[in-house]
$ cat protein-v4.cif   # mmCIF, C-alpha atoms
data_input
loop_
_atom_site.label_atom_id
_atom_site.label_comp_id
_atom_site.auth_asym_id
_atom_site.auth_seq_id
_atom_site.Cartn_x
_atom_site.Cartn_y
_atom_site.Cartn_z
CA MET D 44 47.01 147.56 179.47
CA THR D 45 45.91 144.98 182.07
CA LYS D 46 42.74 144.11 180.14
CA ASP D 47 44.63 143.13 176.99
CA PHE D 48 47.82 141.82 178.59
CA TYR D 49 46.48 138.40 179.61
CA GLY D 50 44.94 135.79 177.37
CA VAL D 51 42.35 133.10 178.08
CA ALA D 52 44.96 130.53 179.17
CA GLN D 53 46.60 132.88 181.65
CA ARG D 54 43.21 133.87 183.06
CA HIS D 55 42.24 130.21 183.46
CA LEU D 56 45.34 129.49 185.53
CA GLN D 57 44.96 132.69 187.54
CA GLU D 58 41.40 131.77 188.43
CA ALA D 59 42.39 128.19 189.30
CA ARG D 60 45.21 129.37 191.56
CA GLY D 61 43.46 132.38 193.02
CA THR D 62 45.95 134.91 191.62
CA ARG D 63 43.79 136.95 189.26
CA ARG D 64 43.69 140.02 191.49
CA LEU D 65 47.43 139.74 192.11
CA ALA D 66 48.12 139.37 188.37
CA ASP D 67 46.05 142.47 187.62
CA ALA D 68 47.86 144.43 190.33
CA VAL D 69 51.27 143.38 189.03
CA ALA D 70 50.42 144.20 185.42
CA GLY D 71 48.92 147.52 186.44
CA ALA D 72 52.07 148.40 188.36
CA ILE D 73 54.78 147.41 185.89
CA VAL D 74 53.47 146.90 182.35
CA HIS D 75 53.66 149.88 179.98
CA ASP D 76 53.92 150.41 176.23
CA THR D 77 56.36 153.29 175.88
CA LEU D 78 60.03 153.43 176.83
CA THR D 79 60.91 155.27 180.00
CA GLU D 80 64.35 156.83 180.39
CA ASP D 81 65.32 153.90 182.63
CA ASP D 82 64.11 151.40 179.99
CA ARG D 83 66.01 153.17 177.24
CA GLY D 84 69.19 153.46 179.28
CA PHE D 85 69.16 149.81 180.34
CA ILE D 86 68.45 148.46 176.86
CA GLN D 87 71.13 150.62 175.23
CA SER D 88 73.68 149.58 177.85
CA ARG D 89 73.32 145.89 177.00
CA ASP D 90 75.59 143.94 174.66
CA PHE D 91 73.27 140.92 174.38
CA PHE D 92 69.67 139.85 174.72
CA PHE D 93 67.54 136.76 174.18
CA LEU D 94 65.09 136.82 171.27
CA ALA D 95 61.95 134.66 171.18
CA THR D 96 60.13 134.11 167.88
CA ALA D 97 57.69 131.58 166.43
CA ASP D 98 57.18 130.20 162.95
CA ALA D 99 53.94 130.09 160.98
CA ASP D 100 52.94 126.84 162.71
CA GLY D 101 53.55 128.25 166.18
CA TRP D 102 56.83 126.43 166.83
CA PRO D 103 59.03 128.73 168.94
CA THR D 104 62.74 129.31 168.97
CA THR D 105 64.83 131.37 171.35
CA SER D 106 68.18 132.74 170.26
CA TYR D 107 71.00 134.70 171.82
CA LYS D 108 71.79 137.99 170.08
CA GLY D 109 75.06 139.73 170.88
CA GLY D 110 76.93 142.82 169.72
CA ALA D 111 78.71 145.87 171.03
CA PRO D 112 77.05 147.73 173.93
CA GLY D 113 74.16 149.74 172.51
CA PHE D 114 73.59 147.54 169.46
CA VAL D 115 69.88 147.61 170.32
CA ARG D 116 68.74 151.21 169.87
CA ALA D 117 65.61 153.16 170.64
CA LEU D 118 64.48 155.05 167.51
CA ASP D 119 61.67 156.65 169.50
CA ASP D 120 59.70 155.82 172.64
CA ARG D 121 57.78 153.01 170.89
CA THR D 122 60.37 151.55 168.51
CA LEU D 123 63.55 149.51 168.94
CA VAL D 124 65.98 148.47 166.22
CA PHE D 125 68.63 145.76 166.24
CA PRO D 126 70.91 144.16 163.64
CA SER D 127 71.11 140.65 162.29
CA TYR D 128 74.77 139.76 161.89
CA ASP D 129 76.35 136.91 159.94
CA GLY D 130 75.09 133.54 161.15
CA ASN D 131 74.84 129.95 159.99
CA GLY D 132 72.54 130.68 157.06
CA MET D 133 69.47 129.10 158.69
CA PHE D 134 67.74 132.47 159.33
CA LEU D 135 65.48 130.86 161.94
CA SER D 136 64.69 134.03 163.88
CA MET D 137 64.53 136.28 160.83
CA GLY D 138 62.32 133.80 158.99
CA ASN D 139 60.03 133.55 161.99
CA ILE D 140 59.72 137.33 162.10
CA GLU D 141 58.69 137.34 158.45
CA ALA D 142 56.22 134.53 159.15
CA SER D 143 54.51 135.76 162.31
CA SER D 144 56.05 139.10 163.37
CA LYS D 145 55.44 138.72 167.14
CA ILE D 146 58.62 138.66 169.23
CA GLY D 147 59.79 138.66 172.82
CA MET D 148 63.05 140.30 173.95
CA LEU D 149 64.70 139.56 177.29
CA PHE D 150 67.47 141.89 178.47
CA ILE D 151 69.50 140.70 181.46
CA ASP D 152 72.26 142.12 183.63
CA PHE D 153 73.72 139.06 185.38
CA GLU D 154 76.07 141.15 187.48
CA THR D 155 73.51 143.33 189.27
CA PRO D 156 71.18 141.30 188.62
CA HIS D 157 68.34 142.92 186.69
CA ARG D 158 66.09 142.08 183.73
CA LEU D 159 63.65 143.74 181.38
CA ARG D 160 61.16 142.12 179.01
CA VAL D 161 59.76 143.56 175.79
CA GLN D 162 56.92 142.23 173.66
CA ALA D 163 56.72 143.69 170.19
CA THR D 164 55.60 143.37 166.59
CA ALA D 165 58.67 143.18 164.38
CA ALA D 166 59.57 143.55 160.72
CA ILE D 167 62.79 143.07 158.77
CA HIS D 168 64.26 146.15 157.10
CA ASP D 169 67.26 146.82 154.89
CA ASP D 170 67.20 150.63 155.05
CA ALA D 171 70.59 151.56 153.58
CA GLY D 172 71.18 154.58 155.77
CA LEU D 173 70.39 152.87 159.06
CA LEU D 174 72.08 149.64 157.98
CA ALA D 175 75.29 151.58 157.29
CA SER D 176 75.38 152.57 160.97
CA TYR D 177 75.70 148.89 161.87
CA PRO D 178 78.98 147.71 160.26
CA GLY D 179 78.82 144.02 159.47
CA ALA D 180 75.03 143.74 159.73
CA GLN D 181 73.09 141.90 157.03
CA LEU D 182 69.60 143.00 158.01
CA LEU D 183 67.84 145.16 160.59
CA VAL D 184 64.79 144.42 162.70
CA ARG D 185 62.42 147.21 163.73
CA ALA D 186 60.34 146.28 166.75
CA SER D 187 57.15 148.19 167.53
CA ILE D 188 56.65 147.88 171.27
CA ALA D 189 53.41 146.42 172.64
CA ALA D 190 54.49 145.92 176.26
CA ILE D 191 57.55 146.53 178.43
CA PHE D 192 58.00 145.43 181.99
CA VAL D 193 60.73 144.92 184.56
CA ASN D 194 60.88 141.35 185.80
CA CYS D 195 61.76 140.44 189.38
CA PRO D 196 65.46 139.42 189.48
CA ARG D 197 64.71 136.46 191.75
CA TYR D 198 66.33 133.24 190.44
CA ILE D 199 68.85 135.14 188.30
CA HIS D 200 72.28 133.79 189.23
CA THR D 201 74.83 136.52 189.85
CA MET D 202 77.71 136.17 187.37
CA SER D 203 80.82 138.13 186.43
CA ARG D 204 81.73 139.17 182.90
CA VAL D 205 84.98 137.66 181.61
CA ALA D 206 85.44 139.11 178.11
CA PRO D 207 83.40 140.32 175.13
CA SER D 208 83.08 138.08 172.09
CA ALA D 209 85.91 138.43 169.57
CA TYR D 210 83.36 137.89 166.79
CA VAL D 211 81.46 141.16 167.21
CA PRO D 212 82.08 143.11 163.98
CA ASP D 213 84.53 145.99 164.33
CA ALA D 214 84.02 149.56 163.11
CA GLU D 215 84.65 148.39 159.54
CA GLY D 216 82.31 145.42 159.84
CA LYS D 217 85.15 142.90 159.94
CA ALA D 218 85.21 139.88 162.23
CA PRO D 219 87.32 136.71 162.57
CA LEU D 220 86.22 133.59 160.70
CA PRO D 221 84.22 131.39 163.09
CA ALA D 222 85.61 127.92 163.65
CA TRP D 223 82.66 126.13 162.09
CA LYS D 224 83.38 127.84 158.76
CA ARG D 225 86.76 126.08 158.79
CA ILE D 226 85.19 122.61 158.83
CA ASP D 227 86.29 120.74 155.72
CA ALA D 228 82.81 119.36 154.97
CA MET D 229 81.35 122.90 154.92
CA GLN D 230 83.68 124.48 152.38
CA GLU D 231 81.61 123.83 149.26
CA VAL D 232 78.44 125.35 150.74
CA LEU D 233 79.87 128.50 152.34
CA PRO D 234 78.75 131.88 150.92
CA SER D 235 81.05 133.24 148.24
CA GLY D 236 82.52 135.84 150.58
CA ASP D 237 83.78 133.09 152.89
CA GLN D 238 85.21 130.83 150.22
CA GLY D 239 88.96 130.32 150.70
CA ARG D 240 89.16 132.13 154.04
CA ALA D 241 89.82 128.98 156.06
CA ALA D 242 93.12 128.42 154.24
CA VAL D 243 94.49 131.73 155.51
CA GLU D 244 92.61 131.97 158.84
CA GLY D 245 93.70 128.90 160.76
CA GLY D 246 93.37 126.14 158.17
CA LEU D 247 90.79 123.42 157.64
CA ILE D 248 89.52 121.31 160.52
CA SER D 249 87.35 118.22 160.81
CA MET D 250 83.98 118.00 162.52
CA GLU D 251 85.73 116.19 165.37
CA ASP D 252 88.24 119.03 165.68
CA TYR D 253 85.38 121.50 165.84
CA ALA D 254 83.65 119.49 168.56
CA GLU D 255 86.85 119.62 170.62
CA LEU D 256 87.07 123.40 170.19
CA VAL D 257 83.46 123.75 171.35
CA ARG D 258 84.09 121.60 174.41
CA ALA D 259 87.17 123.67 175.23
CA GLY D 260 85.29 126.95 174.77
CA LYS D 261 87.58 127.98 171.92
CA ALA D 262 85.11 127.95 169.03
#
$ encode --input "protein-v4.cif" --output "structure tokens"
Amino acid sequence: MTKDFYGVAQRHLQEARGTRRLADAVAGAIVHDTLTEDDRGFIQSRDFFFLATADADGWPTTSYKGGAPGFVRALDDRTLVFPSYDGNGMFLSMGNIEASSKIGMLFIDFETPHRLRVQATAAIHDDAGLLASYPGAQLLVRASIAAIFVNCPRYIHTMSRVAPSAYVPDAEGKAPLPAWKRIDAMQEVLPSGDQGRAAVEGGLISMEDYAELVRAGKA
């Protein structure tokens, strides 16, 4: 694993800073390519993670993915699956996965603190049976694990959980209408399933109203 884990750029910096032997020792100690029971338990206890992807030109994006605890599942000791829920229609992460397939996943427990990183090759799936087990999901991502490693928790600020997001789909796949879908200027371009919902779920708002809700943490 150590031989293939580092690229030319990492090796150049390691040599320049005299850390090559240290880097090899660290990788040899922590990097693996199959899920341990601890890995599986930690991942399936999380209700969010950060997803890194890149488009066909190499431009990266990092997004927050949230759901109910256990929304990222281990299908076997080399494969993870997670859902793509309703978003803003941009499909940045999903499009990047289709374009380049390589992803990074960062799982964090801010309360302990603790973190785990996964590097994988991903693909989008719409398997009806598996998709049905994720109410409210539009697509699924299967991630074939290349490397997993625990990261030192140094620099992670210890935080306390306040409340789960009200927008996580329930057992029937239903979720409240997000505030941005109530913006008057967005009504004509909303998907058909969202047309008319604003009138009965809080009413229309302006872009300025939405900005106020965001600032107040009520969006």
$ closest_residue --input "protein-v4.cif" --among "D:Ala165, D:Ala180, D:Leu149, D:Ala190" --to "Ala218 of chain D" --atoms "only C-alpha atoms"
D:Ala180
$ resolve_selection --input "protein-v4.cif" --expression "the PyMOL selection byres ((chain D and resi 164) around 6)" --output "ChimeraX atom specification"
/D:144-145,163,165,186-187
$ resolve_selection --input "protein-v4.cif" --expression "the PyMOL selection byres ((chain D and resi 154) around 9)" --output "ChimeraX atom specification"
/D:151-153,155-157,200-204
$ atom_distance --input "protein-v4.cif" --atom1 "atom CA of Arg158 of chain D" --atom2 "atom CA of Gly138 of chain D"
26.4 Å
$ resolve_selection --input "protein-v4.cif" --expression "the PyMOL selection byres ((chain D and resi 194) around 10)" --output "PDB file with C-alpha atoms, keeping the file's coordinate frame"
ATOM      1  CA  ILE D  73      54.780 147.410 185.890  1.00  0.00           C
ATOM      2  CA  VAL D  74      53.470 146.900 182.350  1.00  0.00           C
ATOM      3  CA  LEU D 149      64.700 139.560 177.290  1.00  0.00           C
ATOM      4  CA  PHE D 150      67.470 141.890 178.470  1.00  0.00           C
ATOM      5  CA  ILE D 151      69.500 140.700 181.460  1.00  0.00           C
ATOM      6  CA  HIS D 157      68.340 142.920 186.690  1.00  0.00           C
ATOM      7  CA  ARG D 158      66.090 142.080 183.730  1.00  0.00           C
ATOM      8  CA  LEU D 159      63.650 143.740 181.380  1.00  0.00           C
ATOM      9  CA  ARG D 160      61.160 142.120 179.010  1.00  0.00           C
ATOM     10  CA  ILE D 191      57.550 146.530 178.430  1.00  0.00           C
ATOM     11  CA  PHE D 192      58.000 145.430 181.990  1.00  0.00           C
ATOM     12  CA  VAL D 193      60.730 144.920 184.560  1.00  0.00           C
ATOM     13  CA  CYS D 195      61.760 140.440 189.380  1.00  0.00           C
ATOM     14  CA  PRO D 196      65.460 139.420 189.480  1.00  0.00           C
ATOM     15  CA  ARG D 197      64.710 136.460 191.750  1.00  0.00           C
TER      16      ARG D 197
END
$ residues_around --input "protein-v4.cif" --residues "Ser88 of chain D" --least-positions-apart "6" --cutoff "12 Å" --atoms "all atoms listed in the file" --output "MDAnalysis selection string"
chainID D and resid 81:82 110:117 150:152
$ residues_near_point --input "protein-v4.cif" --point "(64.4, 129.3, 171.1)" --cutoff "8 Å" --atoms "all atoms listed in the file" --output "list in words"
Leu94, Ala95, Thr96, Pro103, Thr104, Thr105 and Ser106 of chain D
$ closest_residue --input "protein-v4.cif" --among "D:Gly172, D:Gly50, D:Pro126, D:Gly245" --to "Ala222 of chain D" --atoms "all atoms listed in the file"
D:Gly245
$ atom_distance --input "protein-v4.cif" --atom1 "atom CA of Arg225 of chain D" --atom2 "atom CA of Lys108 of chain D"
22.2 Å
$ residues_around --input "protein-v4.cif" --residues "Ser208 of chain D" --least-positions-apart "2" --cutoff "12 Å" --atoms "all atoms listed in the file" --output "NGL selection string"
:D and (90-91 or 108-112 or 204-206 or 210-213 or 218-219 or 221 or 260-262)
$ atom_distance --input "protein-v4.cif" --atom1 "atom CA of Asp119 of chain D" --atom2 "atom CA of Gly216 of chain D"
25.4 Å
$ residues_around --input "protein-v4.cif" --residues "Pro234 of chain D" --least-positions-apart "5" --cutoff "12 Å" --atoms "all atoms listed in the file" --output "tab-separated table (two decimals) with C-alpha atoms, in the coordinates of the input"
chain	number	residue	atom	x	y	z
D	129	ASP	CA	76.35	136.91	159.94
D	130	GLY	CA	75.09	133.54	161.15
D	131	ASN	CA	74.84	129.95	159.99
D	132	GLY	CA	72.54	130.68	157.06
D	224	LYS	CA	83.38	127.84	158.76
D	229	MET	CA	81.35	122.90	154.92
D	239	GLY	CA	88.96	130.32	150.70
D	240	ARG	CA	89.16	132.13	154.04
$ closest_residue --input "protein-v4.cif" --among "D:Thr62, D:Ser249, D:Ser143, D:Gln238" --to "Ala166 of chain D" --atoms "only C-alpha atoms"
D:Ser143
$ residues_around --input "protein-v4.cif" --residues "Ala66 of chain D" --least-positions-apart "3" --cutoff "10 Å" --atoms "only C-alpha atoms" --output "number ranges by chain"
D: 45, 49, 53-54, 57, 61-63, 69-72
$ closest_residue --input "protein-v4.cif" --among "D:Leu65, D:Asp120, D:Asp252, D:Ala52" --to "Gly84 of chain D" --atoms "only C-alpha atoms"
D:Asp120
$ residues_around --input "protein-v4.cif" --residues "Ala228 of chain D" --least-positions-apart "4" --cutoff "10 Å" --atoms "all atoms listed in the file" --output "list in words"
Trp223, Lys224, Val232, Leu233, Leu247, Ile248, Ser249 and Met250 of chain D
$ build_atoms --input "protein-v4.cif" --residues "segment 65-94 of chain D" --atoms "N, CA and C atoms" --output "PDB file, in the frame of the given file"
ATOM      1  N   LEU D  65      45.996 139.468 192.029  1.00  0.00           N
ATOM      2  CA  LEU D  65      47.430 139.740 192.110  1.00  0.00           C
ATOM      3  C   LEU D  65      47.992 140.026 190.724  1.00  0.00           C
ATOM      4  N   ALA D  66      47.622 139.191 189.743  1.00  0.00           N
ATOM      5  CA  ALA D  66      48.120 139.370 188.370  1.00  0.00           C
ATOM      6  C   ALA D  66      47.730 140.733 187.823  1.00  0.00           C
ATOM      7  N   ASP D  67      46.492 141.156 188.090  1.00  0.00           N
ATOM      8  CA  ASP D  67      46.050 142.470 187.620  1.00  0.00           C
ATOM      9  C   ASP D  67      46.825 143.589 188.304  1.00  0.00           C
ATOM     10  N   ALA D  68      47.101 143.404 189.598  1.00  0.00           N
ATOM     11  CA  ALA D  68      47.860 144.430 190.330  1.00  0.00           C
ATOM     12  C   ALA D  68      49.287 144.527 189.811  1.00  0.00           C
ATOM     13  N   VAL D  69      49.898 143.381 189.541  1.00  0.00           N
ATOM     14  CA  VAL D  69      51.270 143.380 189.030  1.00  0.00           C
ATOM     15  C   VAL D  69      51.336 144.037 187.656  1.00  0.00           C
ATOM     16  N   ALA D  70      50.429 143.616 186.758  1.00  0.00           N
ATOM     17  CA  ALA D  70      50.420 144.200 185.420  1.00  0.00           C
ATOM     18  C   ALA D  70      50.162 145.701 185.479  1.00  0.00           C
ATOM     19  N   GLY D  71      49.230 146.095 186.326  1.00  0.00           N
ATOM     20  CA  GLY D  71      48.920 147.520 186.440  1.00  0.00           C
ATOM     21  C   GLY D  71      50.086 148.331 186.955  1.00  0.00           C
ATOM     22  N   ALA D  72      50.939 147.694 187.764  1.00  0.00           N
ATOM     23  CA  ALA D  72      52.070 148.400 188.360  1.00  0.00           C
ATOM     24  C   ALA D  72      53.286 148.485 187.449  1.00  0.00           C
ATOM     25  N   ILE D  73      53.505 147.453 186.610  1.00  0.00           N
ATOM     26  CA  ILE D  73      54.780 147.410 185.890  1.00  0.00           C
ATOM     27  C   ILE D  73      54.669 147.442 184.368  1.00  0.00           C
ATOM     28  N   VAL D  74      53.554 147.029 183.809  1.00  0.00           N
ATOM     29  CA  VAL D  74      53.470 146.900 182.350  1.00  0.00           C
ATOM     30  C   VAL D  74      53.125 148.252 181.716  1.00  0.00           C
ATOM     31  N   HIS D  75      53.920 148.640 180.709  1.00  0.00           N
ATOM     32  CA  HIS D  75      53.660 149.880 179.980  1.00  0.00           C
ATOM     33  C   HIS D  75      54.039 149.672 178.518  1.00  0.00           C
ATOM     34  N   ASP D  76      53.696 150.612 177.666  1.00  0.00           N
ATOM     35  CA  ASP D  76      53.920 150.410 176.230  1.00  0.00           C
ATOM     36  C   ASP D  76      54.801 151.472 175.586  1.00  0.00           C
ATOM     37  N   THR D  77      55.395 152.328 176.398  1.00  0.00           N
ATOM     38  CA  THR D  77      56.360 153.290 175.880  1.00  0.00           C
ATOM     39  C   THR D  77      57.616 153.252 176.742  1.00  0.00           C
ATOM     40  N   LEU D  78      58.748 153.493 176.122  1.00  0.00           N
ATOM     41  CA  LEU D  78      60.030 153.430 176.830  1.00  0.00           C
ATOM     42  C   LEU D  78      60.159 154.582 177.827  1.00  0.00           C
ATOM     43  N   THR D  79      60.526 154.233 179.045  1.00  0.00           N
ATOM     44  CA  THR D  79      60.910 155.270 180.000  1.00  0.00           C
ATOM     45  C   THR D  79      62.408 155.538 179.815  1.00  0.00           C
ATOM     46  N   GLU D  80      62.911 156.562 180.472  1.00  0.00           N
ATOM     47  CA  GLU D  80      64.350 156.830 180.390  1.00  0.00           C
ATOM     48  C   GLU D  80      65.147 155.670 180.972  1.00  0.00           C
ATOM     49  N   ASP D  81      64.641 155.058 182.053  1.00  0.00           N
ATOM     50  CA  ASP D  81      65.320 153.900 182.630  1.00  0.00           C
ATOM     51  C   ASP D  81      65.328 152.724 181.661  1.00  0.00           C
ATOM     52  N   ASP D  82      64.179 152.478 180.993  1.00  0.00           N
ATOM     53  CA  ASP D  82      64.110 151.400 179.990  1.00  0.00           C
ATOM     54  C   ASP D  82      65.141 151.631 178.892  1.00  0.00           C
ATOM     55  N   ARG D  83      65.121 152.826 178.348  1.00  0.00           N
ATOM     56  CA  ARG D  83      66.010 153.170 177.240  1.00  0.00           C
ATOM     57  C   ARG D  83      67.472 153.019 177.657  1.00  0.00           C
ATOM     58  N   GLY D  84      67.813 153.526 178.827  1.00  0.00           N
ATOM     59  CA  GLY D  84      69.190 153.460 179.280  1.00  0.00           C
ATOM     60  C   GLY D  84      69.649 152.026 179.497  1.00  0.00           C
ATOM     61  N   PHE D  85      68.780 151.208 180.092  1.00  0.00           N
ATOM     62  CA  PHE D  85      69.160 149.810 180.340  1.00  0.00           C
ATOM     63  C   PHE D  85      69.335 149.051 179.039  1.00  0.00           C
ATOM     64  N   ILE D  86      68.366 149.174 178.131  1.00  0.00           N
ATOM     65  CA  ILE D  86      68.450 148.460 176.860  1.00  0.00           C
ATOM     66  C   ILE D  86      69.700 148.860 176.084  1.00  0.00           C
ATOM     67  N   GLN D  87      69.993 150.149 176.015  1.00  0.00           N
ATOM     68  CA  GLN D  87      71.130 150.620 175.230  1.00  0.00           C
ATOM     69  C   GLN D  87      72.463 150.418 175.929  1.00  0.00           C
ATOM     70  N   SER D  88      72.436 149.923 177.162  1.00  0.00           N
ATOM     71  CA  SER D  88      73.680 149.580 177.850  1.00  0.00           C
ATOM     72  C   SER D  88      74.045 148.111 177.656  1.00  0.00           C
ATOM     73  N   ARG D  89      73.116 147.330 177.122  1.00  0.00           N
ATOM     74  CA  ARG D  89      73.320 145.890 177.000  1.00  0.00           C
ATOM     75  C   ARG D  89      74.096 145.533 175.737  1.00  0.00           C
ATOM     76  N   ASP D  90      74.882 144.447 175.838  1.00  0.00           N
ATOM     77  CA  ASP D  90      75.590 143.940 174.660  1.00  0.00           C
ATOM     78  C   ASP D  90      75.068 142.562 174.242  1.00  0.00           C
ATOM     79  N   PHE D  91      73.928 142.158 174.811  1.00  0.00           N
ATOM     80  CA  PHE D  91      73.270 140.920 174.380  1.00  0.00           C
ATOM     81  C   PHE D  91      71.825 140.947 174.861  1.00  0.00           C
ATOM     82  N   PHE D  92      71.016 140.111 174.231  1.00  0.00           N
ATOM     83  CA  PHE D  92      69.670 139.850 174.720  1.00  0.00           C
ATOM     84  C   PHE D  92      69.216 138.517 174.148  1.00  0.00           C
ATOM     85  N   PHE D  93      68.123 137.998 174.677  1.00  0.00           N
ATOM     86  CA  PHE D  93      67.540 136.760 174.180  1.00  0.00           C
ATOM     87  C   PHE D  93      66.286 137.101 173.396  1.00  0.00           C
ATOM     88  N   LEU D  94      66.190 136.519 172.190  1.00  0.00           N
ATOM     89  CA  LEU D  94      65.090 136.820 171.270  1.00  0.00           C
ATOM     90  C   LEU D  94      64.207 135.597 171.095  1.00  0.00           C
TER      91      LEU D  94
END
